[in-house]
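As provided, query-v5.txt (compact mmCIF, C-alpha atoms and all ligand atoms) reads as follows.
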```txt
# COMPACT_ATOMS: atom_id res chain seq x y z
CA MET M 100 216.92 102.41 125.60
CA PHE M 101 217.55 104.93 122.87
CA ASP M 102 220.65 107.04 123.44
CA THR M 103 220.46 109.63 120.70
CA ARG M 104 218.23 112.13 122.45
CA PRO M 105 219.29 115.78 122.07
CA ASP M 106 219.46 117.77 125.27
CA ARG M 107 216.13 119.58 125.00
CA SER M 108 213.82 119.98 127.93
CA ARG M 109 210.51 120.41 126.11
CA GLU M 110 209.22 117.90 123.65
CA VAL M 111 206.22 116.70 121.67
CA VAL M 112 206.39 113.01 120.71
CA LEU M 113 204.68 110.95 118.04
CA VAL M 114 203.94 107.33 118.91
CA GLY M 115 202.06 104.63 117.06
CA ARG M 116 202.16 101.34 115.24
CA SER M 117 204.33 101.09 112.18
CA ASN M 118 202.84 102.19 108.86
CA VAL M 119 200.24 104.55 110.37
CA GLY M 120 201.96 107.53 108.69
CA LYS M 121 204.20 108.89 111.44
CA SER M 122 207.07 109.66 109.07
CA THR M 123 204.71 111.43 106.70
CA LEU M 124 203.29 113.45 109.59
CA MET M 125 206.77 114.25 110.87
CA ARG M 126 207.64 115.62 107.44
CA GLU M 127 204.49 117.75 107.42
CA LEU M 128 205.23 119.13 110.89
CA THR M 129 208.92 119.86 110.39
CA GLY M 130 209.34 120.28 106.66
CA HIS M 131 212.16 117.79 106.90
CA SER M 132 212.37 114.25 105.49
CA PHE M 133 214.00 111.63 107.64
CA ASN M 134 215.73 108.54 106.45
CA THR M 135 213.33 106.06 107.99
CA GLY M 136 215.86 103.21 107.92
CA ARG M 137 213.20 100.58 107.96
CA SER M 138 215.39 97.60 107.16
CA PRO M 139 213.93 94.43 108.64
CA GLY M 140 215.55 93.22 111.83
CA VAL M 141 217.14 96.55 112.62
CA THR M 142 215.89 98.33 115.71
CA ARG M 143 214.86 101.78 114.75
CA SER M 144 215.85 104.82 116.77
CA PRO M 145 213.76 107.93 117.30
CA ASN M 146 213.94 110.81 114.83
CA HIS M 147 214.37 114.07 116.69
CA TYR M 148 213.86 117.46 115.13
CA ASP M 149 214.87 120.54 117.08
CA TRP M 150 215.02 124.25 116.50
CA ALA M 151 217.82 126.60 117.35
CA SER M 152 215.44 129.33 118.51
CA GLU M 153 213.65 127.48 121.30
CA ASP M 154 214.43 124.79 123.81
CA PHE M 155 212.09 122.35 122.08
CA MET M 156 211.96 119.31 119.81
CA ILE M 157 209.51 117.01 118.09
CA SER M 158 210.39 113.32 118.28
CA ASP M 159 209.06 110.48 116.17
CA LEU M 160 209.44 107.33 118.25
CA PRO M 161 209.89 103.99 116.46
CA GLY M 162 206.72 102.27 115.28
CA PHE M 163 205.72 99.08 117.03
CA GLY M 164 203.32 96.25 116.23
CA PHE M 165 203.38 94.06 113.17
CA MET M 166 206.08 94.69 110.59
CA SER M 167 206.71 92.10 107.93
CA GLY M 168 210.18 90.62 108.19
CA VAL M 169 210.74 91.80 111.76
CA ALA M 170 210.91 89.17 114.49
CA GLU M 171 208.35 89.21 117.28
CA GLU M 172 211.15 89.60 119.80
CA THR M 173 212.49 92.71 118.05
CA ARG M 174 209.03 94.23 117.88
CA GLU M 175 208.51 93.64 121.59
CA GLN M 176 211.88 95.23 122.31
CA ILE M 177 210.98 98.33 120.29
CA LYS M 178 207.73 98.63 122.19
CA THR M 179 209.49 98.27 125.54
CA ASP M 180 212.01 100.93 124.51
CA VAL M 181 209.20 103.32 123.55
CA VAL M 182 207.42 102.78 126.88
CA GLN M 183 210.67 103.36 128.79
CA TYR M 184 211.37 106.52 126.82
CA LEU M 185 207.92 107.91 127.63
CA GLU M 186 208.32 107.11 131.30
CA ALA M 187 211.87 108.48 131.54
CA TYR M 188 211.08 111.80 129.84
CA ALA M 189 207.46 112.22 130.94
CA ASP M 190 208.22 115.48 132.75
CA GLN M 191 209.59 117.00 129.56
CA ILE M 192 206.98 115.70 127.15
CA LEU M 193 204.26 118.32 126.75
CA VAL M 194 202.01 116.31 124.43
CA GLY M 195 202.06 112.68 123.31
CA VAL M 196 200.55 112.35 119.86
CA LEU M 197 199.22 108.83 119.41
CA VAL M 198 198.99 108.35 115.66
CA LEU M 199 196.64 105.76 114.27
CA ASP M 200 195.42 104.61 110.88
CA GLY M 201 191.81 105.77 110.72
CA LYS M 202 190.97 103.16 108.13
CA ALA M 203 192.38 100.15 110.01
CA ALA M 204 192.40 101.06 113.71
CA VAL M 205 188.96 99.92 114.80
CA ASP M 206 189.32 96.49 113.15
CA ILE M 207 192.75 96.02 114.72
CA ILE M 208 191.51 97.08 118.15
CA ASP M 209 188.52 94.75 117.97
CA ARG M 210 190.60 91.84 116.71
CA HIS M 211 192.99 92.16 119.65
CA THR M 212 190.15 92.61 122.13
CA GLU M 213 188.31 89.53 120.83
CA ALA M 214 191.53 87.52 121.16
CA GLY M 215 191.68 88.57 124.82
CA ASN M 216 194.61 90.96 124.37
CA LEU M 217 194.94 94.63 125.21
CA PRO M 218 195.16 96.53 121.91
CA HIS M 219 198.35 98.62 121.52
CA VAL M 220 196.43 101.84 120.94
CA VAL M 221 194.36 101.39 124.08
CA GLU M 222 197.46 100.42 126.05
CA PHE M 223 199.44 103.47 124.91
CA PHE M 224 196.54 105.83 125.48
CA SER M 225 196.34 104.75 129.12
CA LEU M 226 200.13 104.71 129.50
CA LEU M 227 200.34 108.34 128.40
CA GLU M 228 197.72 109.27 130.96
CA GLU M 229 199.41 107.18 133.63
CA PHE M 230 202.74 108.95 132.98
CA GLY M 231 200.99 112.32 133.16
CA ILE M 232 201.53 113.07 129.47
CA GLN M 233 198.66 114.86 127.71
CA PRO M 234 197.49 112.54 124.91
CA VAL M 235 196.24 113.65 121.51
CA VAL M 236 194.98 110.94 119.16
CA ALA M 237 195.80 111.81 115.54
CA VAL M 238 193.43 109.76 113.42
CA ASN M 239 195.40 109.69 110.18
CA LYS M 240 194.51 108.59 106.63
CA ILE M 241 191.08 110.10 107.14
CA ASP M 242 191.02 110.61 103.35
CA LYS M 243 190.46 106.85 103.09
CA VAL M 244 187.44 106.83 105.40
CA ASP M 245 183.92 107.41 104.05
CA THR M 246 181.86 107.62 107.22
CA THR M 247 184.16 109.91 109.12
CA ASP M 248 181.96 110.85 112.09
CA LYS M 249 180.90 107.27 112.68
CA ARG M 250 184.52 106.10 112.59
CA LEU M 251 185.67 108.82 114.95
CA ASP M 252 182.83 107.96 117.36
CA GLU M 253 183.96 104.32 117.30
CA ILE M 254 187.54 105.29 118.06
CA ALA M 255 186.45 107.60 120.89
CA GLU M 256 184.35 104.82 122.35
CA ARG M 257 187.19 102.26 122.16
CA LEU M 258 189.41 104.68 124.09
CA GLY M 259 186.83 105.26 126.80
CA MET M 260 185.56 108.65 125.63
CA MET M 261 181.83 108.88 125.28
CA PRO M 262 180.64 109.72 121.75
CA PRO M 263 180.02 111.98 119.97
CA TRP M 264 183.74 112.49 119.27
CA THR M 265 183.09 116.20 118.68
CA GLN M 266 183.07 116.61 122.46
CA TRP M 267 186.72 115.57 122.46
CA GLN M 268 188.32 117.76 119.82
CA ASP M 269 191.20 118.61 122.16
CA VAL M 270 192.04 114.91 122.21
CA ILE M 271 190.84 113.48 118.88
CA ALA M 272 192.19 115.05 115.70
CA PRO M 273 191.22 113.66 112.27
CA ILE M 274 194.02 114.31 109.78
CA SER M 275 195.45 113.36 106.42
CA ALA M 276 199.21 113.72 106.69
CA LYS M 277 199.64 112.70 103.07
CA GLN M 278 197.32 115.45 101.87
CA GLY M 279 198.86 117.97 104.24
CA ARG M 280 195.59 118.34 106.15
CA ILE M 281 196.77 118.41 109.74
CA LYS M 282 195.06 121.51 111.08
CA ALA M 283 192.92 119.62 113.61
CA LEU M 284 196.09 118.21 115.16
CA GLU M 285 197.87 121.54 115.22
CA GLU M 286 194.88 123.12 116.93
CA ALA M 287 194.63 120.37 119.54
CA VAL M 288 198.35 120.58 120.30
CA CYS M 289 198.18 124.38 120.56
CA THR M 290 195.31 124.13 123.04
CA HIS M 291 197.51 122.07 125.33
CA LEU M 292 200.58 124.25 124.82
CA GLU M 293 198.44 127.19 125.92
CA ALA M 294 197.16 125.28 128.93
CA GLU M 295 200.77 124.49 129.87
CA ARG M 296 201.72 128.16 129.45
CA VAL M 297 204.23 127.63 126.68
CA GLU M 298 202.61 129.88 124.08
CA GLU M 299 206.00 130.53 122.49
CA LEU M 300 205.98 126.96 121.16
CA LYS M 301 202.71 127.40 119.26
CA GLN M 302 204.69 128.80 116.33
CA PHE M 303 205.79 125.24 115.51
CA PHE M 304 202.18 124.10 115.11
CA THR M 305 200.65 126.81 112.98
P1 LIG M 401 205.17 105.15 109.41
O1 LIG M 401 205.63 103.73 109.32
O2 LIG M 401 204.16 105.32 110.49
O3 LIG M 401 206.27 106.16 109.50
O4 LIG M 401 204.34 105.44 108.07
P2 LIG M 401 204.73 106.25 106.73
O5 LIG M 401 204.74 107.71 106.98
O6 LIG M 401 205.93 105.64 106.13
O7 LIG M 401 203.43 105.93 105.86
C1 LIG M 401 203.04 104.60 105.56
C2 LIG M 401 202.21 104.60 104.29
O8 LIG M 401 200.98 105.31 104.52
C3 LIG M 401 202.90 105.34 103.14
O9 LIG M 401 202.60 104.66 101.96
C4 LIG M 401 202.25 106.71 103.15
O10 LIG M 401 202.25 107.35 101.91
C5 LIG M 401 200.84 106.37 103.59
N1 LIG M 401 200.18 107.50 104.27
C6 LIG M 401 200.67 108.28 105.25
N2 LIG M 401 199.76 109.22 105.61
C7 LIG M 401 198.67 109.02 104.83
C8 LIG M 401 197.40 109.67 104.73
O11 LIG M 401 197.07 110.64 105.41
N3 LIG M 401 196.53 109.16 103.80
C9 LIG M 401 196.84 108.10 103.02
N4 LIG M 401 195.92 107.68 102.16
N5 LIG M 401 198.01 107.47 103.09
C10 LIG M 401 198.93 107.92 103.99
```

Once you've parsed the file, please lay out its structure as structure tokens.
Amino acid sequence: MFDTRPDRSREVVLVGRSNVGKSTLMRELTGHSFNTGRSPGVTRSPNHYDWASEDFMISDLPGFGFMSGVAEETREQIKTDVVQYLEAYADQILVGVLVLDGKAAVDIIDRHTEAGNLPHVVEFFSLLEEFGIQPVVAVNKIDKVDTTDKRLDEIAERLGMMPPWTQWQDVIAPISAKQGRIKALEEAVCTHLEAERVEELKQFFT
């Protein structure tokens, strides 16, 4: 598994397929650009960002799923590492932000389902719940979607939440990381930080 984790006991993690915009979102959340080191064949490690003032960090876990030029075996290994990380640090992870590409997600989910496979997004959503980690689904690239409500309803439905999606605003957050529109995510995360009585961490999401 990854061995670069700073010794911080409270954490918010970003997980998702590659190319959904996790690095862009990480930059929006932290104000810091990471060298994404996306060379084919190289297993990526998490990017951790911590603050001196609080015992807290935000971690961007490596993207899984299809990446051109990366062997199937490597992709599977990355996914396994991410699952093991979530399980190992579940007690310290306050919120698991599952980032997806709002434009592509439904087609990808349906393609996997029709082929008889469990879609990654569905799998990770249930894994987070199984590990006792509060999930928040950040539906990114919403700037590329025309029928936003319809799309968000479809995503809710695929994840087992009954539409309309507006009933689930603590869990489903439409955002555009590229445009810096991430308020819905910050609000959802803050709701859970409040519920977990760590109000002092809300400053990192406002
Ligand atoms: P990662 O692989 O998940 O870290 O994805 P990146 O952050 O590298 O983003 C992948 C591509 O999606 C880049 O070309 C980004 O500029 C683009 N991207 C990220 N967020 C958004 C967004 O909100 N809207 C649009 N239209 N593009 C985005």

Item checked: Selected residue of minimal separation from ligand LIG 401 (chain M) among M:Glu222, M:Glu253, M:Asp200, M:Asp190, counting only C-alpha atoms and all ligand atoms ->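 Distance minimum relative to ligand LIG 401 (chain M) lands on M:Asp200.
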
Next item on the list: Please measure the separation of atom CA of Gly279 of chain M and atom CA of Asp154 of chain M, giving the value in Å to one decimal.
Entry: 25.9 Å

Margin query: What's around Ile254 of chain M at 12 Å? Count all atoms listed in the file, leave out sequence neighbours fewer than 5 positions away in its own chain, and write the answer as a ChimeraX atom specification.
Written below: /M:199-209,220-221,224,236-239,247-249,259-265,267,270-273

Next, write the just-selected residues to a file, as a compact mmCIF listing (two decimals), in the coordinates of the input, keeping C-alpha atoms as the atom set.
```
# COMPACT_ATOMS: atom_id res chain seq x y z
CA LEU M 199 196.64 105.76 114.27
CA ASP M 200 195.42 104.61 110.88
CA GLY M 201 191.81 105.77 110.72
CA LYS M 202 190.97 103.16 108.13
CA ALA M 203 192.38 100.15 110.01
CA ALA M 204 192.40 101.06 113.71
CA VAL M 205 188.96 99.92 114.80
CA ASP M 206 189.32 96.49 113.15
CA ILE M 207 192.75 96.02 114.72
CA ILE M 208 191.51 97.08 118.15
CA ASP M 209 188.52 94.75 117.97
CA VAL M 220 196.43 101.84 120.94
CA VAL M 221 194.36 101.39 124.08
CA PHE M 224 196.54 105.83 125.48
CA VAL M 236 194.98 110.94 119.16
CA ALA M 237 195.80 111.81 115.54
CA VAL M 238 193.43 109.76 113.42
CA ASN M 239 195.40 109.69 110.18
CA THR M 247 184.16 109.91 109.12
CA ASP M 248 181.96 110.85 112.09
CA LYS M 249 180.90 107.27 112.68
CA GLY M 259 186.83 105.26 126.80
CA MET M 260 185.56 108.65 125.63
CA MET M 261 181.83 108.88 125.28
CA PRO M 262 180.64 109.72 121.75
CA PRO M 263 180.02 111.98 119.97
CA TRP M 264 183.74 112.49 119.27
CA THR M 265 183.09 116.20 118.68
CA TRP M 267 186.72 115.57 122.46
CA VAL M 270 192.04 114.91 122.21
CA ILE M 271 190.84 113.48 118.88
CA ALA M 272 192.19 115.05 115.70
CA PRO M 273 191.22 113.66 112.27
```

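With a cut-off of 7 Å and using only C-alpha atoms and all ligand atoms, the polymer residues contacting ligand LIG 401 (chain M) are M:Gly115, M:Arg116, M:Ser117, M:Asn118, M:Val119, M:Gly120, M:Lys121, M:Ser122, M:Thr123, M:Leu124, M:Gly162, M:Asn239, M:Lys240, M:Ile241, M:Asp242, M:Lys243, M:Ile274, M:Ser275, M:Ala276, M:Lys277, M:Gln278.
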
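By chain and then residue number, the residues within 8 Å of Val112 of chain M are Ile157, Ser158, Asp159, Leu160, Ile192, Val194, Gly195 and Val196 of chain M, counting all atoms listed in the file and disregarding those fewer than 3 positions away in sequence.
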
Next item on the list: Can you work out which one of M:Glu175, M:Glu110, M:Glu286, M:Asp252 has the shortest atom-to-atom distance to Glu153 of chain M, counting all atoms listed in the file?
Entry: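 Between M:Glu175, M:Glu110, M:Glu286, M:Asp252, the residue approaching Glu153 of chain M most closely is M:Glu110.
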